[in-house]
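Note: the block below is upload_12.tsv and it holds TSV, C-alpha atoms and all ligand atoms.
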chain	number	residue	atom	x	y	z
Y	1	MET	CA	168.36	73.09	72.17
Y	2	ILE	CA	170.52	75.52	70.19
Y	3	LEU	CA	172.89	73.96	67.68
Y	4	ASP	CA	175.97	75.71	66.26
Y	5	PRO	CA	175.94	74.97	62.50
Y	6	THR	CA	179.69	75.52	62.22
Y	7	GLN	CA	180.35	72.50	64.46
Y	8	PRO	CA	181.28	69.37	62.51
Y	9	GLY	CA	178.26	67.17	61.90
Y	10	ALA	CA	175.73	69.78	63.09
Y	11	LEU	CA	174.12	70.39	59.69
Y	12	ALA	CA	173.92	66.63	59.03
Y	13	GLN	CA	172.30	66.17	62.44
Y	14	ALA	CA	169.74	68.88	61.65
Y	15	ALA	CA	169.02	67.47	58.17
Y	16	ASP	CA	168.67	63.93	59.62
Y	17	ALA	CA	166.18	65.28	62.16
Y	18	VAL	CA	164.13	66.97	59.42
Y	19	ALA	CA	164.21	63.84	57.23
Y	20	ALA	CA	163.00	61.85	60.26
Y	21	GLY	CA	159.97	64.15	60.59
Y	22	GLU	CA	161.21	66.39	63.41
Y	23	LEU	CA	160.77	70.15	63.64
Y	24	LEU	CA	163.72	72.53	63.45
Y	25	GLY	CA	164.30	76.22	64.21
Y	26	LEU	CA	165.71	77.54	60.94
Y	27	PRO	CA	167.63	80.79	60.49
Y	28	THR	CA	166.76	82.79	57.38
Y	29	GLU	CA	167.75	86.31	56.38
Y	30	THR	CA	164.25	87.59	57.28
Y	31	VAL	CA	163.18	85.89	60.54
Y	32	TYR	CA	163.64	82.42	62.06
Y	33	GLY	CA	161.28	79.72	60.81
Y	34	LEU	CA	159.81	76.65	62.49
Y	35	ALA	CA	160.65	74.13	59.77
Y	36	ALA	CA	159.63	70.62	58.79
Y	37	ASP	CA	159.67	68.45	55.68
Y	38	ALA	CA	156.90	70.10	53.62
Y	39	GLU	CA	155.67	66.70	52.44
Y	40	ASN	CA	155.54	65.02	55.83
Y	41	ALA	CA	151.89	65.55	56.81
Y	42	GLY	CA	152.41	64.59	60.47
Y	43	ALA	CA	155.37	66.94	60.92
Y	44	VAL	CA	153.52	69.81	59.24
Y	45	ARG	CA	150.51	69.22	61.49
Y	46	ARG	CA	152.83	69.50	64.49
Y	47	ILE	CA	153.96	72.94	63.28
Y	48	PHE	CA	150.34	74.12	63.27
Y	49	ALA	CA	149.73	72.62	66.71
Y	50	LEU	CA	152.88	74.07	68.28
Y	51	LYS	CA	152.24	77.56	66.89
Y	52	GLY	CA	148.54	77.45	67.73
Y	53	ARG	CA	147.87	78.37	64.12
Y	54	PRO	CA	144.58	77.50	62.39
Y	55	ALA	CA	145.13	74.64	59.90
Y	56	SER	CA	143.60	76.68	57.07
Y	57	HIS	CA	146.36	79.31	57.24
Y	58	PRO	CA	148.93	78.11	54.70
Y	59	LEU	CA	152.68	77.82	55.37
Y	60	ILE	CA	155.47	79.02	53.11
Y	61	VAL	CA	157.57	76.23	51.61
Y	62	HIS	CA	161.29	76.99	51.41
Y	63	VAL	CA	163.14	75.57	48.42
Y	64	ALA	CA	166.75	75.47	47.22
Y	65	GLY	CA	165.93	77.24	43.94
Y	66	SER	CA	163.62	77.52	40.96
Y	67	GLU	CA	164.13	73.88	40.03
Y	68	ALA	CA	162.78	72.66	43.37
Y	69	ALA	CA	159.94	75.17	42.98
Y	70	GLY	CA	158.80	73.09	40.00
Y	71	HIS	CA	158.23	70.16	42.36
Y	72	PHE	CA	155.56	72.10	44.26
Y	73	ALA	CA	154.19	74.46	41.59
Y	74	ARG	CA	151.97	73.26	38.76
Y	75	GLN	CA	152.96	76.24	36.68
Y	76	VAL	CA	155.54	79.01	36.97
Y	77	PRO	CA	154.29	81.95	34.87
Y	78	ASP	CA	156.74	84.35	33.17
Y	79	LEU	CA	155.99	86.97	35.77
Y	80	ALA	CA	157.11	84.61	38.57
Y	81	GLN	CA	160.19	83.65	36.60
Y	82	ARG	CA	161.19	87.29	36.28
Y	83	LEU	CA	160.74	87.84	40.02
Y	84	MET	CA	162.68	84.67	40.88
Y	85	ALA	CA	165.52	85.71	38.55
Y	86	ALA	CA	165.68	89.13	40.19
Y	87	PHE	CA	165.25	88.28	43.87
Y	88	TRP	CA	165.95	84.59	44.58
Y	89	PRO	CA	167.62	83.64	46.78
Y	90	GLY	CA	166.17	86.40	48.93
Y	91	PRO	CA	163.29	87.78	50.99
Y	92	LEU	CA	160.53	87.19	48.44
Y	93	THR	CA	157.71	84.61	48.59
Y	94	LEU	CA	155.74	83.81	45.46
Y	95	ILE	CA	152.23	82.39	45.49
Y	96	LEU	CA	151.88	79.93	42.63
Y	97	ALA	CA	149.36	77.33	41.47
Y	98	ARG	CA	150.07	74.15	43.46
Y	99	ARG	CA	150.76	70.80	41.89
Y	100	GLU	CA	147.84	68.61	42.88
Y	101	GLY	CA	148.44	66.31	45.84
Y	102	VAL	CA	151.76	67.90	46.82
Y	103	ALA	CA	152.19	69.41	50.31
Y	104	ASP	CA	148.42	69.48	51.04
Y	105	GLU	CA	148.80	70.16	54.79
Y	106	ALA	CA	151.40	72.91	54.33
Y	107	ALA	CA	149.11	74.59	51.79
Y	108	GLY	CA	146.24	74.48	54.28
Y	109	GLY	CA	144.00	72.96	51.61
Y	110	HIS	CA	144.47	75.90	49.22
Y	111	THR	CA	145.04	75.20	45.53
Y	112	SER	CA	148.05	77.54	45.60
Y	113	ILE	CA	151.39	77.31	47.37
Y	114	GLY	CA	153.75	79.96	48.78
Y	115	LEU	CA	157.38	79.33	47.77
Y	116	ARG	CA	160.52	81.09	48.90
Y	117	CYS	CA	164.23	80.47	48.31
Y	118	PRO	CA	166.09	81.90	51.33
Y	119	ALA	CA	169.51	83.55	51.02
Y	120	HIS	CA	170.85	82.78	54.50
Y	121	PRO	CA	173.94	80.55	54.12
Y	122	VAL	CA	172.82	78.17	56.90
Y	123	ALA	CA	169.35	77.81	55.33
Y	124	LYS	CA	170.96	77.18	51.95
Y	125	SER	CA	173.30	74.51	53.34
Y	126	LEU	CA	170.45	72.87	55.23
Y	127	LEU	CA	168.20	72.83	52.14
Y	128	ALA	CA	171.03	71.16	50.18
Y	129	ALA	CA	171.56	68.58	52.95
Y	130	CYS	CA	167.80	67.93	53.07
Y	131	ALA	CA	167.61	67.55	49.28
Y	132	ALA	CA	170.33	64.90	49.53
Y	133	ARG	CA	167.97	63.05	51.89
Y	134	GLY	CA	165.02	63.27	49.48
Y	135	VAL	CA	163.36	66.29	51.13
Y	136	HIS	CA	162.26	68.72	48.40
Y	137	GLY	CA	161.23	71.65	50.56
Y	138	LEU	CA	160.82	72.91	54.11
Y	139	ALA	CA	157.50	74.25	55.31
Y	140	ALA	CA	158.37	77.00	57.75
Y	141	PRO	CA	156.23	79.73	59.24
Y	142	SER	CA	157.88	82.27	61.50
Y	143	ALA	CA	158.93	80.50	64.72
Y	144	ASN	CA	156.56	82.33	67.07
Y	145	ARG	CA	153.18	81.55	68.54
Y	146	PHE	CA	150.33	82.66	66.30
Y	147	GLY	CA	149.85	86.43	66.24
Y	148	ARG	CA	152.99	87.22	68.26
Y	149	VAL	CA	156.29	88.92	67.43
Y	150	SER	CA	158.50	87.04	64.95
Y	151	PRO	CA	161.90	85.78	66.23
Y	152	THR	CA	165.12	87.24	64.83
Y	153	THR	CA	167.64	85.29	66.93
Y	154	ALA	CA	168.05	81.63	67.93
Y	155	ALA	CA	167.48	82.65	71.57
Y	156	HIS	CA	164.07	84.13	70.63
Y	157	VAL	CA	163.08	80.77	69.12
Y	158	ALA	CA	164.26	78.90	72.21
Y	159	GLU	CA	162.12	81.28	74.31
Y	160	GLU	CA	159.05	80.41	72.20
Y	161	PHE	CA	159.63	76.69	71.80
Y	162	ALA	CA	161.99	75.30	74.43
Y	163	ASP	CA	161.95	71.71	73.13
Y	164	VAL	CA	162.75	72.44	69.50
Y	165	LEU	CA	166.24	72.03	68.02
Y	166	VAL	CA	167.37	75.43	66.69
Y	167	LEU	CA	170.20	76.08	64.24
Y	168	ASP	CA	171.93	79.28	65.32
Y	169	GLY	CA	172.49	81.50	62.30
Y	170	GLY	CA	173.01	84.72	64.25
Y	171	ALA	CA	170.72	87.75	64.16
Y	172	CYS	CA	168.60	87.91	60.98
Y	173	ALA	CA	169.98	90.55	58.60
Y	174	VAL	CA	166.60	91.73	57.24
Y	175	GLY	CA	164.49	91.42	60.38
Y	176	ILE	CA	160.98	91.50	58.88
Y	177	GLU	CA	159.28	88.69	56.95
Y	178	SER	CA	159.52	88.24	53.19
Y	179	ALA	CA	157.42	90.23	50.76
Y	180	ILE	CA	154.64	87.99	49.41
Y	181	VAL	CA	153.58	88.39	45.78
Y	182	ASP	CA	150.60	86.46	44.45
Y	183	CYS	CA	151.39	85.40	40.87
Y	184	THR	CA	148.21	83.38	40.28
Y	185	ARG	CA	145.98	86.23	39.13
Y	186	GLY	CA	147.52	87.39	35.86
Y	187	GLN	CA	148.88	90.53	37.52
Y	188	PRO	CA	151.15	90.59	40.56
Y	189	VAL	CA	149.48	91.37	43.89
Y	190	LEU	CA	151.55	92.32	46.95
Y	191	LEU	CA	149.90	90.41	49.82
Y	192	ARG	CA	152.54	91.39	52.40
Y	193	PRO	CA	155.16	94.15	52.06
Y	194	GLY	CA	158.75	93.28	52.97
Y	195	ALA	CA	162.28	94.54	52.59
Y	196	ILE	CA	162.09	94.48	48.79
Y	197	SER	CA	160.12	97.59	47.95
Y	198	ARG	CA	157.08	97.77	45.69
Y	199	ALA	CA	159.15	99.92	43.30
Y	200	GLU	CA	161.86	97.24	43.01
Y	201	LEU	CA	159.24	94.55	42.47
Y	202	GLU	CA	157.57	96.58	39.73
Y	203	LYS	CA	160.88	97.14	37.98
Y	204	ALA	CA	161.60	93.40	37.85
Y	205	ALA	CA	158.00	92.42	37.05
Y	206	GLY	CA	157.77	95.00	34.25
Y	207	CYS	CA	154.29	96.02	35.37
Y	208	ARG	CA	152.38	97.55	38.25
Y	209	VAL	CA	152.18	95.53	41.46
Y	210	ARG	CA	148.65	95.70	42.82
Y	211	HIS	CA	147.37	96.15	46.33
Y	212	PRO	CA	144.89	93.39	47.33
Y	213	ASP	CA	142.16	96.03	47.82
Y	214	GLU	CA	142.46	97.07	44.17
Y	215	LEU	CA	141.09	93.78	42.90
Y	216	ALA	CA	137.37	93.15	42.85
Y	217	ALA	CA	137.38	89.36	43.25
Y	218	PRO	CA	138.65	88.19	46.65
Y	219	GLY	CA	142.04	86.49	46.41
Y	220	PRO	CA	143.89	84.22	48.77
Y	221	GLN	CA	144.01	85.39	52.35
Y	222	ALA	CA	147.34	85.71	54.15
Y	223	PRO	CA	147.08	85.63	57.95
Y	224	GLY	CA	150.15	87.85	58.12
Y	225	THR	CA	147.91	90.44	56.52
Y	226	LEU	CA	145.24	90.28	59.22
Y	227	ALA	CA	144.65	93.67	60.79
Y	228	ALA	CA	146.14	92.48	64.07
Y	229	HIS	CA	149.43	90.57	64.18
Y	230	TYR	CA	153.02	90.81	65.43
Y	231	ALA	CA	151.79	91.65	68.91
Y	232	PRO	CA	154.09	92.07	71.88
Y	233	ARG	CA	152.57	91.61	75.34
Y	234	ALA	CA	152.64	95.34	75.97
Y	235	THR	CA	150.14	97.61	74.25
Y	236	VAL	CA	151.60	99.37	71.21
Y	237	ARG	CA	150.56	102.89	70.29
Y	238	LEU	CA	151.68	104.73	67.17
Y	239	MET	CA	151.92	108.52	67.43
Y	240	ASP	CA	153.33	111.30	65.31
Y	241	GLY	CA	156.37	113.13	66.67
Y	242	LYS	CA	154.43	116.07	68.08
Y	243	MET	CA	151.90	113.91	69.88
Y	244	LEU	CA	154.65	111.75	71.32
Y	245	LYS	CA	156.47	114.78	72.71
Y	246	THR	CA	153.29	116.07	74.32
Y	247	ALA	CA	152.50	112.67	75.79
Y	248	LEU	CA	155.98	112.48	77.32
Y	249	GLU	CA	155.60	115.92	78.86
Y	250	LEU	CA	152.36	114.85	80.50
Y	251	LEU	CA	153.80	111.71	82.01
Y	252	GLY	CA	153.81	111.25	85.74
Y	253	SER	CA	154.60	108.20	87.83
Y	254	GLU	CA	153.34	105.86	85.08
Y	255	ALA	CA	156.65	106.37	83.26
Y	256	ALA	CA	158.17	103.20	84.70
Y	257	HIS	CA	155.82	101.09	82.63
Y	258	ILE	CA	156.45	102.77	79.29
Y	259	ALA	CA	159.00	102.23	76.53
Y	260	VAL	CA	159.43	104.60	73.60
Y	261	TRP	CA	160.84	103.93	70.11
Y	262	SER	CA	161.21	107.31	68.46
Y	263	ARG	CA	162.80	108.76	65.36
Y	264	ALA	CA	163.68	111.97	67.16
Y	265	ALA	CA	166.08	112.06	70.12
Y	266	LEU	CA	163.76	112.59	73.06
Y	267	LYS	CA	164.31	113.53	76.63
Y	268	SER	CA	162.22	112.84	79.66
Y	269	ALA	CA	162.41	114.04	83.23
Y	270	SER	CA	161.77	110.48	84.32
Y	271	ARG	CA	164.77	108.19	84.33
Y	272	LYS	CA	162.42	105.23	84.60
Y	273	LEU	CA	161.25	105.61	81.04
Y	274	ILE	CA	162.95	103.41	78.40
Y	275	LEU	CA	163.89	105.54	75.40
Y	276	ARG	CA	165.28	104.03	72.21
Y	277	ARG	CA	165.96	105.64	68.84
Y	278	MET	CA	164.44	104.26	65.66
Y	279	PRO	CA	167.19	104.22	62.99
Y	280	ASP	CA	166.86	106.73	60.12
Y	281	ASN	CA	167.52	103.96	57.62
Y	282	PRO	CA	164.43	101.79	56.96
Y	283	ALA	CA	166.50	98.61	56.45
Y	284	GLN	CA	168.21	99.16	59.79
Y	285	ALA	CA	164.86	99.90	61.44
Y	286	ALA	CA	163.47	96.63	60.03
Y	287	HIS	CA	166.53	94.79	61.33
Y	288	GLU	CA	165.91	96.10	64.86
Y	289	LEU	CA	162.11	96.14	64.93
Y	290	PHE	CA	161.13	92.76	66.40
Y	291	ALA	CA	164.13	92.53	68.73
Y	292	THR	CA	163.21	95.97	70.07
Y	293	LEU	CA	159.59	94.93	70.74
Y	294	ARG	CA	160.84	91.77	72.49
Y	295	ALA	CA	163.34	93.74	74.58
Y	296	PHE	CA	160.56	96.10	75.69
Y	297	ASP	CA	158.42	93.09	76.66
Y	298	GLN	CA	161.33	91.68	78.66
Y	299	ALA	CA	161.58	94.97	80.53
Y	300	GLN	CA	157.94	94.33	81.45
Y	301	VAL	CA	156.56	97.63	80.27
Y	302	LYS	CA	152.81	97.92	79.85
Y	303	LEU	CA	152.88	100.46	77.03
Y	304	ILE	CA	155.09	100.84	73.97
Y	305	TRP	CA	154.89	104.22	72.28
Y	306	VAL	CA	156.25	104.29	68.76
Y	307	GLU	CA	156.75	107.32	66.55
Y	308	THR	CA	154.99	106.71	63.22
Y	309	PRO	CA	157.59	105.89	60.54
Y	310	PRO	CA	157.94	108.18	57.51
Y	311	PRO	CA	155.36	107.83	54.70
Y	312	GLU	CA	157.91	106.84	52.03
Y	313	ILE	CA	157.59	103.54	50.14
Y	314	GLU	CA	160.87	102.21	51.61
Y	315	TRP	CA	159.19	102.21	55.02
Y	316	GLU	CA	156.16	100.19	53.88
Y	317	GLY	CA	157.31	96.92	55.50
Y	318	VAL	CA	158.15	98.46	58.89
Y	319	ARG	CA	155.02	100.61	58.88
Y	320	ASP	CA	152.87	97.57	58.07
Y	321	ARG	CA	154.25	95.55	61.02
Y	322	LEU	CA	153.87	98.45	63.46
Y	323	GLU	CA	150.31	99.19	62.36
Y	324	ARG	CA	149.35	95.57	62.91
Y	325	ALA	CA	151.07	95.47	66.29
Y	326	ALA	CA	149.12	98.59	67.27
Y	327	ALA	CA	145.87	97.12	65.90
Y	328	SER	CA	146.36	94.12	68.20
Y	329	ALA	CA	146.63	96.53	71.06
Y	330	ALA	CA	143.37	98.13	70.03
Y	331	GLY	CA	141.67	94.82	70.71
Y	332	ALA	CA	141.45	93.52	67.15
Y	333	ARG	CA	143.74	90.54	67.81
Y	334	GLU	CA	142.37	87.38	66.31
H	401	LIG	O1	160.20	85.64	55.75
H	401	LIG	C1	159.31	84.80	55.82
H	401	LIG	O2	158.44	84.69	54.95
H	401	LIG	C2	159.31	83.88	57.04
H	401	LIG	C3	160.58	83.02	56.99
H	401	LIG	C4	160.60	81.96	58.04
H	401	LIG	O3	160.72	82.48	55.72
H	401	LIG	N1	158.14	83.08	57.08
H	401	LIG	C5	156.92	83.58	57.39
H	401	LIG	O4	155.93	82.62	57.48
H	401	LIG	O5	156.72	84.74	57.61
H	401	LIG	P1	154.52	82.88	58.14
H	401	LIG	O6	153.83	81.56	58.12
H	401	LIG	O7	154.66	83.55	59.44
H	401	LIG	O8	153.80	83.78	57.12
H	401	LIG	C6	153.45	83.20	55.89
H	401	LIG	C7	152.47	84.05	55.19
H	401	LIG	C8	151.12	83.96	55.85
H	401	LIG	O9	150.58	85.26	55.89
H	401	LIG	C9	150.38	83.06	54.90
H	401	LIG	O10	149.01	83.28	54.89
H	401	LIG	C10	150.99	83.41	53.59
H	401	LIG	O11	152.32	83.55	53.88
H	401	LIG	N2	150.82	82.32	52.64
H	401	LIG	C11	151.44	81.13	52.59
H	401	LIG	N3	150.95	80.37	51.60
H	401	LIG	C12	150.00	81.09	50.99
H	401	LIG	C13	149.10	80.86	49.91
H	401	LIG	N4	149.09	79.74	49.25
H	401	LIG	N5	148.25	81.84	49.58
H	401	LIG	C14	148.24	83.00	50.26
H	401	LIG	N6	149.06	83.29	51.31
H	401	LIG	C15	149.91	82.35	51.66
H	402	MG	MG	154.41	84.84	61.02

Structure re-expressed in structure tokens:
Amino acid sequence: MILDPTQPGALAQAADAVAAGELLGLPTETVYGLAADAENAGAVRRIFALKGRPASHPLIVHVAGSEAAGHFARQVPDLAQRLMAAFWPGPLTLILARREGVADEAAGGHTSIGLRCPAHPVAKSLLAACAARGVHGLAAPSANRFGRVSPTTAAHVAEEFADVLVLDGGACAVGIESAIVDCTRGQPVLLRPGAISRAELEKAAGCRVRHPDELAAPGPQAPGTLAAHYAPRATVRLMDGKMLKTALELLGSEAAHIAVWSRAALKSASRKLILRRMPDNPAQAAHELFATLRAFDQAQVKLIWVETPPPEIEWEGVRDRLERAAASAAGARE
């Protein structure tokens, strides 16, 4: 059921449901989450079950601010404090050492915990209403089945999980999931790129932000960083502009089953082909990415051809999601 948060009593109803151990579709500025009281073990287990997600893959806990972060984190190093000051509330998740015995299920048994303070006004109001009911944080993975495309509207969540109450916060402004920075290893490690660029993170951190491959000792695994993820039903192929043009020229009657997301304006002799332009601005492309993949799936195409995004750092988040969607297509889906 979709709930309009501007209706009187709607936020209280949603917060009551969370405090009673129910699940809730939660709008954030990145993507919609499937939320529950992070300290209610039964509710958190239901998130894993509903998503079909392995219990060892930890969930992000959403908090109202750095104070609530102290409830879940054993220690907040200076580095994390600098990043919080710069980007919270916002699309940044920090991995911190977990306070023992707190949110065990959400953390998937790991000794660390992922914390994020969302900027979406509905998420903020809900977190405040939950805090008033003694709920310190909301465990919320993206509200999609494991490995699939993340939802960026309330309707997408309702499509995935028909029985879950969803707060409608409109279309997510950012459109791709938060950047995840591991702060437990002395130097920041970017586990998942997001809308905040590596350059911006480095400026706030005052040091280089590492890639997980740069570190010798294996760190925490993030399932969002598996080679295959974010998979639509159709097969995704990434191609450079030239290759895409050639492929279109060679198309015959198969065109009806193909959708194209290209940076260049393309033409095709076939009117059956679905052609959409990828915005020139990386933030706008991120905003449209998952909704575009879902729309192509709805049109029941078999193939999605995407022009490879530019190599610049600002495109890292979009490129990352598209590469994983294409890797799923290549048969690497977990
Ligand atoms: O933008 C977002 O982050 C969205 C919205 C709903 O906030 N949430 C989201 O959650 O993307 P999810 O569960 O789809 O992705 C969470 C990622 C996973 O890759 C998970 O492995 C990683 O965060 N993660 C969570 N806790 C972790 C931990 N303690 N150590 C390492 N990775 C962790
Ligand atoms: Mg996800």

**OP:** Skip region 27-42 of chain Y itself and residues of its chain fewer than 5 positions away, then list as a ChimeraX atom specification all residues within 6 Å of it, counting only C-alpha atoms.
**Re:** /Y:18,103,105,120,123,137-143,151-152,169,172-177

With C-alpha atoms retained, write the just-selected residues as a PDB file, keeping the file's coordinate frame.
ATOM      1  CA  VAL Y  18     164.130  66.970  59.420  1.00  0.00           C
ATOM      2  CA  ALA Y 103     152.190  69.410  50.310  1.00  0.00           C
ATOM      3  CA  GLU Y 105     148.800  70.160  54.790  1.00  0.00           C
ATOM      4  CA  HIS Y 120     170.850  82.780  54.500  1.00  0.00           C
ATOM      5  CA  ALA Y 123     169.350  77.810  55.330  1.00  0.00           C
ATOM      6  CA  GLY Y 137     161.230  71.650  50.560  1.00  0.00           C
ATOM      7  CA  LEU Y 138     160.820  72.910  54.110  1.00  0.00           C
ATOM      8  CA  ALA Y 139     157.500  74.250  55.310  1.00  0.00           C
ATOM      9  CA  ALA Y 140     158.370  77.000  57.750  1.00  0.00           C
ATOM     10  CA  PRO Y 141     156.230  79.730  59.240  1.00  0.00           C
ATOM     11  CA  SER Y 142     157.880  82.270  61.500  1.00  0.00           C
ATOM     12  CA  ALA Y 143     158.930  80.500  64.720  1.00  0.00           C
ATOM     13  CA  PRO Y 151     161.900  85.780  66.230  1.00  0.00           C
ATOM     14  CA  THR Y 152     165.120  87.240  64.830  1.00  0.00           C
ATOM     15  CA  GLY Y 169     172.490  81.500  62.300  1.00  0.00           C
ATOM     16  CA  CYS Y 172     168.600  87.910  60.980  1.00  0.00           C
ATOM     17  CA  ALA Y 173     169.980  90.550  58.600  1.00  0.00           C
ATOM     18  CA  VAL Y 174     166.600  91.730  57.240  1.00  0.00           C
ATOM     19  CA  GLY Y 175     164.490  91.420  60.380  1.00  0.00           C
ATOM     20  CA  ILE Y 176     160.980  91.500  58.880  1.00  0.00           C
ATOM     21  CA  GLU Y 177     159.280  88.690  56.950  1.00  0.00           C
TER      22      GLU Y 177
END

**OP:** Would you work out the distance separating CA of Arg192 (chain Y) from CA of Trp305 (chain Y), expressed in Å to one decimal?
**Re:** 23.8 Å

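If you measure from each of Y:Trp315, Y:Ala299, Y:His257, Y:Ser66 to Asp280 (chain Y) using all atoms listed in the file, the closest one turns out to be Y:Trp315.
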
Subject >> Which residue of Y:His62, Y:Arg277, Y:Arg99, Y:Lys272 approaches Val260 (chain Y) most closely, using all atoms listed in the file >> reply: Y:Arg277

**OP:** Would you mind listing what lies within 10 Å of Leu94 (chain Y) as a ChimeraX atom specification, with only C-alpha atoms counted and same-chain residues fewer than 6 positions away left out?
**Re:** /Y:60-61,69,76,80-81,83-84,112-117,178-184,188-191

**OP:** Rank Y:Ala234, Y:Ala247, Y:Ala195, Y:Val306 by their smallest atom-to-atom distance to ligand LIG 401 (chain H), using only C-alpha atoms and all ligand atoms, and report the top residue only.
**Re:** Y:Ala195

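You will find CA of Ala255 (chain Y) at 5.2 Å from CA of Leu273 (chain Y).
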
Original post:
When distances are computed from all atoms listed in the file, which of Y:Met278, Y:Ala155, Y:Ser270, Y:Ala68 shows the smallest separation from Gly252 (chain Y)?
Top reply: Y:Ser270

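Distance check against ligand MG 402 (chain H) using only C-alpha atoms and all ligand atoms: of Y:Ala283, Y:Leu322, Y:Val122, Y:Ala231, the minimum falls on Y:Ala231.
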
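Here CA of Ile196 (chain Y) stands at a distance of 15.9 Å from CA of Ile95 (chain Y).
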
**OP:** Please provide the set of residues having any atom within 8 Å of Ile274 (chain Y), restricted to all atoms listed in the file, with same-chain residues fewer than 6 positions apart removed, written as a PyMOL selection string.
**Re:** chain Y and resi 256+258-260

Do you know which residues are at most 10 Å from Glu312 (chain Y) counting all atoms listed in the file, after dropping those on the same chain fewer than 4 positions away, and could you put them as a PDB file with C-alpha atoms, in the frame of the given file?
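Okay, selection-v7.pdb is ready:
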ATOM      1  CA  PRO Y 282     164.430 101.790  56.960  1.00  0.00           C
ATOM      2  CA  GLU Y 316     156.160 100.190  53.880  1.00  0.00           C
ATOM      3  CA  ARG Y 319     155.020 100.610  58.880  1.00  0.00           C
TER       4      ARG Y 319
END

Subject >> Which of Y:Gly52, Y:Pro121, Y:Gly147, Y:Gly21 sits closest to ligand MG 402 (chain H) [using all atoms listed in the file] >> reply: Y:Gly147
